[in-house]
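Chemist: My questions will all concern the structure given below.
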Amino acid sequence: MAIPPHRSKFFFLLSCLIFPPLGFVLMWLWSKEGVLRKLTFSAGLAALFAAQLFLFYGLRIELAGNGLAPIFTFHDPDSHFDAIEAARSGGDEGTVQAASRPPAGPSDASWTDYRGPSRDGEYTASAIRTDWPSDGLPEIWRQKVGGGYASVVVAEGKVFTIEQRRDEEVAAAYDFDTGEELWKNGWKAHFRESMGGPGPRATPTWHDGKVYALGGTGELRALQAATGEVIWRRNILSENGAKNLTWAMSGAPLVLDDKLIVLPGGTRGKSIVAYDKETGAPIWASLNDKQAYTSPMLATLAGRRQIVLVSAPRLLAIDPEDGSLLWDYPWRTSYDANCSQPLIVDDEHVFVSSGYGTGAALVKIVADGDGLRAEQVWKNNTMKNKFNSSVLHEGIVYGLDEAILAAVDVRSGERKWKGGRYGYGQVLLAGGHLIVLTEAGDVVLVKATPESHQEVARFSAIKGKTWNTHAIAGGRLIVRNQTEMACYDLSRT
């Protein structure tokens with residue numbers, strides 16, 4: 001590289017090593033070399049600068065939900081976990097609380113299951129405010145957390161979730177009012193894959209003073225909600241002869257009567273398993289389906305109580321008493337990536353949707369002699385939920401069609417509108433509005449109307465790639481991703 005004699009070659013090389021962008025500028029200003037050699041040297045400087053950002057500043061390059069677009073974040077895992085450990089031990093980097101927060105939340109605030117008590121993504125417990133301030137909802141508290149894509153559940157004045165902290169999966173409880181960690185229960189496990197990174201995926205379930213937490217590699221624990229003490233534990237993969245999924249165990253356990261229903265996906269009749277919720281003893285096991293990434297849910301269809309879920313090859317329902325198949329409807333997606341919750345439309349109809357070009361369908365469940373059968377009402381490509389579930393309001397399905405919000409008439413399958421690029425985030429329904437948590441961590445308020453896309457308000461809630469489903473309890477909105485969790489006041493004043 002020919003540097004003019006009156007320039008310092010030492011200074012130039014030092015600039016390249018310490019701060020490559022400065023070296024890049026000096027090279028193009030000083031050097032008399034040809035364009036090709038300058039471009040080659042520029043590429044080398046770019047690689048050096050990227051390495052510095054990665055090694056010294058915690059640069060992470062993650063993939064967005066489309067699998068193509070990069071998301072750049074700065075995150076040093078060791079420093080992050082050091083800060084978490086310091087905070088939990090009473091160090092200086094503890095929970096960040098807002099300067100002025102509302103009074104203590106209601107003691108009966110609850111959001112006990114994945115996507116709410118009915119697993120349908122709708123909050124109905126109290127009215128919410130829709131006149132959001134221009135700078136966003138009032139923040140109540142903010143807390144550093146470990147990795148993973150679980151959501152949170154709320155009960156007994158506590159917020160429960162599951163995280164990856166170094167080489168442990170950790171089920172943890174936080175104070176609903178302050179965000180302070182109250183207890184944790186950890187075990188050695190570390191699931192990781194290239195698309196989403198590390199951490200457990202399945203949201204814990206709260207029921208009757210107990211928390212049921214399922215880790216990414218199949219560890220299932222029943223814990224005392226008050227203390228985190230282990231009541232019983234099992235590994236649903238190893239004991240049911242099942243292989244883990246590409247993106248890990250993701251189905252939230254379902255409590256039903258005396259049973260806890262989980263989806264290990266084992267062969268030889270062990271795809272769906274019921275354990276005694278008090279002791280962990282096996283009650284029954286059924287079917288041979290490879291499982292997908294949905295959670296079982298309770299419904300009454302065609303007059304019969306049943307458990308509805310989406311496995312890798314089909315939408316189906318089983319009898320809660322013995323796990324026997326009641327009906328099924330073929331529903332296969334590329335990579336076996338059925339990730340979105342079905343919607344129970346009424347006492348006869350179920351809506352189902354998946355991404356990867358699959359689309360959506362409305363299925364009618366009808367009596368057939370002593371049994372049931374599924375009939376297709378319509379199927380089209382108007383709604384493609386990739387790994388985010390839709391909500392239903394007054395006959396309209398609202399959800400992310402891949403990365404764009406859309407509204408579809410549930411009876412006809414007709415798309416009413418499509419608008420609002422929110423990435424691969426999540427959608428909840430409250431007070432006649434959609435509360436969208438975008439892939440970038442923004443919270444957006446949108447009117448739930450079939451007329452058009454009407455965005456009402458938006459603010460930045462958390463930083464970094466956000467695929468976790470948010471939660472609403474006691475008039476508060478709780479959001480989390482792989483590094484932090486925050487609570488906002490959503491109550492009507």
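Each chain of the structure tokens is named A, B, ... in the order shown, its residues numbered from 1; ligands are numbered from 1 in display order.
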Could you give me, as a tab-separated table, every stretch 167-235 of chain A residue with an atom at most 9 Å from stretch 244-254 of chain A, plus its closest atom pair and distance in Å to one decimal, counting only C-alpha atoms, rows ordered by chain then number?
Modeler:
```
residue	atom	partner	partner_atom	distance
A:Phe191	CA	A:Ala248	CA	7.3
A:Arg192	CA	A:Trp247	CA	8.3
A:Glu193	CA	A:Trp247	CA	6.9
A:Met195	CA	A:Trp247	CA	8.6
A:Gly196	CA	A:Trp247	CA	7.9
A:Pro200	CA	A:Ala248	CA	7.4
A:Arg201	CA	A:Ser250	CA	4.9
A:Ala202	CA	A:Ser250	CA	4.2
A:Thr203	CA	A:Ala252	CA	5.2
A:Pro204	CA	A:Ala252	CA	6.1
A:Thr205	CA	A:Pro253	CA	6.2
A:Tyr212	CA	A:Pro253	CA	6.9
A:Ala213	CA	A:Pro253	CA	7.6
A:Leu214	CA	A:Ala252	CA	7.2
A:Gly215	CA	A:Met249	CA	7.0
A:Gly216	CA	A:Met249	CA	5.0
A:Thr217	CA	A:Met249	CA	6.5
A:Gly218	CA	A:Met249	CA	6.4
```
Chemist: Mind checking which residues fall within 9 Å of stretch 373-377 of chain A, counting only C-alpha atoms, ignoring those fewer than 3 positions away in the same chain, and posting them as a list in words?
Modeler: Leu316, Leu326, Trp327, Asp328, Tyr329, His349, Ala361, Leu362, Val363, Lys364, Ile365, Val366, Ala367, Asp368, Arg411 and Ser412 of chain A
Chemist: Can you write out the residues you just picked, keeping N, CA, C and O atoms, as a PDB file, in the first residue's frame?
Modeler:
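Wrote selection-v3.pdb, looks like this:
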```pdb
ATOM      1  N   LEU A 316     -56.083 -32.447  15.263  1.00  0.00           N
ATOM      2  CA  LEU A 316     -56.784 -33.605  15.816  1.00  0.00           C
ATOM      3  C   LEU A 316     -57.357 -33.290  17.189  1.00  0.00           C
ATOM      4  O   LEU A 316     -57.028 -32.270  17.802  1.00  0.00           O
ATOM      5  N   LEU A 326     -60.541 -38.843  18.556  1.00  0.00           N
ATOM      6  CA  LEU A 326     -61.938 -38.535  18.282  1.00  0.00           C
ATOM      7  C   LEU A 326     -62.152 -38.139  16.828  1.00  0.00           C
ATOM      8  O   LEU A 326     -63.135 -38.533  16.204  1.00  0.00           O
ATOM      9  N   TRP A 327     -61.269 -37.314  16.281  1.00  0.00           N
ATOM     10  CA  TRP A 327     -61.331 -36.912  14.878  1.00  0.00           C
ATOM     11  C   TRP A 327     -59.991 -36.336  14.462  1.00  0.00           C
ATOM     12  O   TRP A 327     -59.173 -35.977  15.321  1.00  0.00           O
ATOM     13  N   ASP A 328     -59.756 -36.249  13.166  1.00  0.00           N
ATOM     14  CA  ASP A 328     -58.532 -35.604  12.679  1.00  0.00           C
ATOM     15  C   ASP A 328     -58.757 -34.990  11.309  1.00  0.00           C
ATOM     16  O   ASP A 328     -59.730 -35.300  10.612  1.00  0.00           O
ATOM     17  N   TYR A 329     -57.860 -34.074  10.968  1.00  0.00           N
ATOM     18  CA  TYR A 329     -57.908 -33.360   9.687  1.00  0.00           C
ATOM     19  C   TYR A 329     -56.471 -33.175   9.231  1.00  0.00           C
ATOM     20  O   TYR A 329     -55.660 -32.585   9.948  1.00  0.00           O
ATOM     21  N   HIS A 349     -66.863 -25.442  15.135  1.00  0.00           N
ATOM     22  CA  HIS A 349     -65.842 -25.079  14.164  1.00  0.00           C
ATOM     23  C   HIS A 349     -64.497 -24.777  14.811  1.00  0.00           C
ATOM     24  O   HIS A 349     -64.427 -24.193  15.892  1.00  0.00           O
ATOM     25  N   ALA A 361     -57.454 -22.844   7.295  1.00  0.00           N
ATOM     26  CA  ALA A 361     -58.662 -23.609   6.994  1.00  0.00           C
ATOM     27  C   ALA A 361     -59.650 -23.477   8.143  1.00  0.00           C
ATOM     28  O   ALA A 361     -59.266 -23.263   9.295  1.00  0.00           O
ATOM     29  N   LEU A 362     -60.925 -23.613   7.813  1.00  0.00           N
ATOM     30  CA  LEU A 362     -61.978 -23.722   8.802  1.00  0.00           C
ATOM     31  C   LEU A 362     -62.534 -25.130   8.713  1.00  0.00           C
ATOM     32  O   LEU A 362     -62.894 -25.607   7.625  1.00  0.00           O
ATOM     33  N   VAL A 363     -62.578 -25.811   9.853  1.00  0.00           N
ATOM     34  CA  VAL A 363     -63.002 -27.206   9.906  1.00  0.00           C
ATOM     35  C   VAL A 363     -64.230 -27.313  10.790  1.00  0.00           C
ATOM     36  O   VAL A 363     -64.276 -26.740  11.885  1.00  0.00           O
ATOM     37  N   LYS A 364     -65.231 -28.063  10.322  1.00  0.00           N
ATOM     38  CA  LYS A 364     -66.450 -28.287  11.094  1.00  0.00           C
ATOM     39  C   LYS A 364     -66.409 -29.693  11.691  1.00  0.00           C
ATOM     40  O   LYS A 364     -66.099 -30.670  11.004  1.00  0.00           O
ATOM     41  N   ILE A 365     -66.722 -29.805  12.975  1.00  0.00           N
ATOM     42  CA  ILE A 365     -66.749 -31.086  13.666  1.00  0.00           C
ATOM     43  C   ILE A 365     -68.208 -31.516  13.808  1.00  0.00           C
ATOM     44  O   ILE A 365     -69.028 -30.778  14.385  1.00  0.00           O
ATOM     45  N   VAL A 366     -68.529 -32.680  13.276  1.00  0.00           N
ATOM     46  CA  VAL A 366     -69.914 -33.145  13.274  1.00  0.00           C
ATOM     47  C   VAL A 366     -69.986 -34.556  13.858  1.00  0.00           C
ATOM     48  O   VAL A 366     -69.028 -35.324  13.814  1.00  0.00           O
ATOM     49  N   ALA A 367     -71.163 -34.877  14.393  1.00  0.00           N
ATOM     50  CA  ALA A 367     -71.385 -36.225  14.909  1.00  0.00           C
ATOM     51  C   ALA A 367     -71.483 -37.198  13.754  1.00  0.00           C
ATOM     52  O   ALA A 367     -72.055 -36.895  12.699  1.00  0.00           O
ATOM     53  N   ASP A 368     -70.922 -38.380  13.963  1.00  0.00           N
ATOM     54  CA  ASP A 368     -70.939 -39.432  12.945  1.00  0.00           C
ATOM     55  C   ASP A 368     -71.183 -40.759  13.654  1.00  0.00           C
ATOM     56  O   ASP A 368     -70.245 -41.445  14.068  1.00  0.00           O
ATOM     57  N   ARG A 411     -65.826 -17.166   8.675  1.00  0.00           N
ATOM     58  CA  ARG A 411     -66.853 -18.008   8.066  1.00  0.00           C
ATOM     59  C   ARG A 411     -66.594 -18.284   6.596  1.00  0.00           C
ATOM     60  O   ARG A 411     -66.884 -19.381   6.101  1.00  0.00           O
ATOM     61  N   SER A 412     -66.043 -17.301   5.904  1.00  0.00           N
ATOM     62  CA  SER A 412     -65.864 -17.441   4.457  1.00  0.00           C
ATOM     63  C   SER A 412     -64.407 -17.593   4.028  1.00  0.00           C
ATOM     64  O   SER A 412     -64.137 -18.053   2.914  1.00  0.00           O
TER      65      SER A 412
END
```
Chemist: Would you compute the distance between atom CA of A:Leu400 and atom CA of A:Lys144? Give it in Å to one decimal.
Modeler: 27.9 Å
Chemist: With only C-alpha atoms as the counted atoms, please give the residues lying no more than 12 Å from A:Trp187, apart from itself and same-chain residues fewer than 5 positions off, as a list in words.
Modeler: Ile162, Glu163, Gln164, Arg165, Arg166, Asp167, Glu168, Glu169, Val170, Ala171, Ala172, Pro200, Ala213, Leu214, Gly215, Gly216, Thr217, Gly218, Glu219, Leu220, Arg221, Val230, Arg233 and Asn235 of chain A
Chemist: Based on DSSP run over this structure's backbone, return all residues of stretch 276-479 of chain A in strand (DSSP E), as a PyMOL selection string.
Modeler: chain A and resi 276+282-286+297-301+304-310+314-318+325-330+343-344+349-354+359-368+371-380+391-393+396-401+404-409+415-421+426-430+433-437+442-447+455-460+471-473+476-479
Chemist: Identify which of the residues A:Gly423, A:Gly90, A:Gly357, A:Gly157 lies closest to A:Asn381, counting only C-alpha atoms when measuring atom-to-atom distances.
Modeler: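 Going through A:Gly423, A:Gly90, A:Gly357, A:Gly157 one by one, the smallest distance to A:Asn381 is for A:Gly357.
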Chemist: I'd like the contact shell of A:Val211 - 6 Å cut-off, only C-alpha atoms, skipping same-chain residues fewer than 4 positions apart - returned as a VMD selection string.
Modeler: chain A and resid 205 to 206 222 to 223 225
Chemist: Counting only C-alpha atoms, which residue out of A:Leu39, A:Leu237, A:Leu45, A:Val345 sits closest to A:Cys16?
Modeler: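 The shortest atom-to-atom distance to A:Cys16 comes from A:Leu45.
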Chemist: Find the residue from A:Asp346, A:Glu394, A:Asp113, A:Asp82 that sits nearest to A:Thr300; use only C-alpha atoms when measuring.
Modeler: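 Looking at the shortest contact to A:Thr300, the residue is A:Asp346.
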Chemist: Find the spatial neighbours of A:Lys210, counting only C-alpha atoms, within a cut-off of 12 Å - ignore same-chain residues fewer than 4 positions away - and output them as a ChimeraX atom specification.
Modeler: /A:112,153-156,158,160,173,204-206,221-232,255,260,277-279
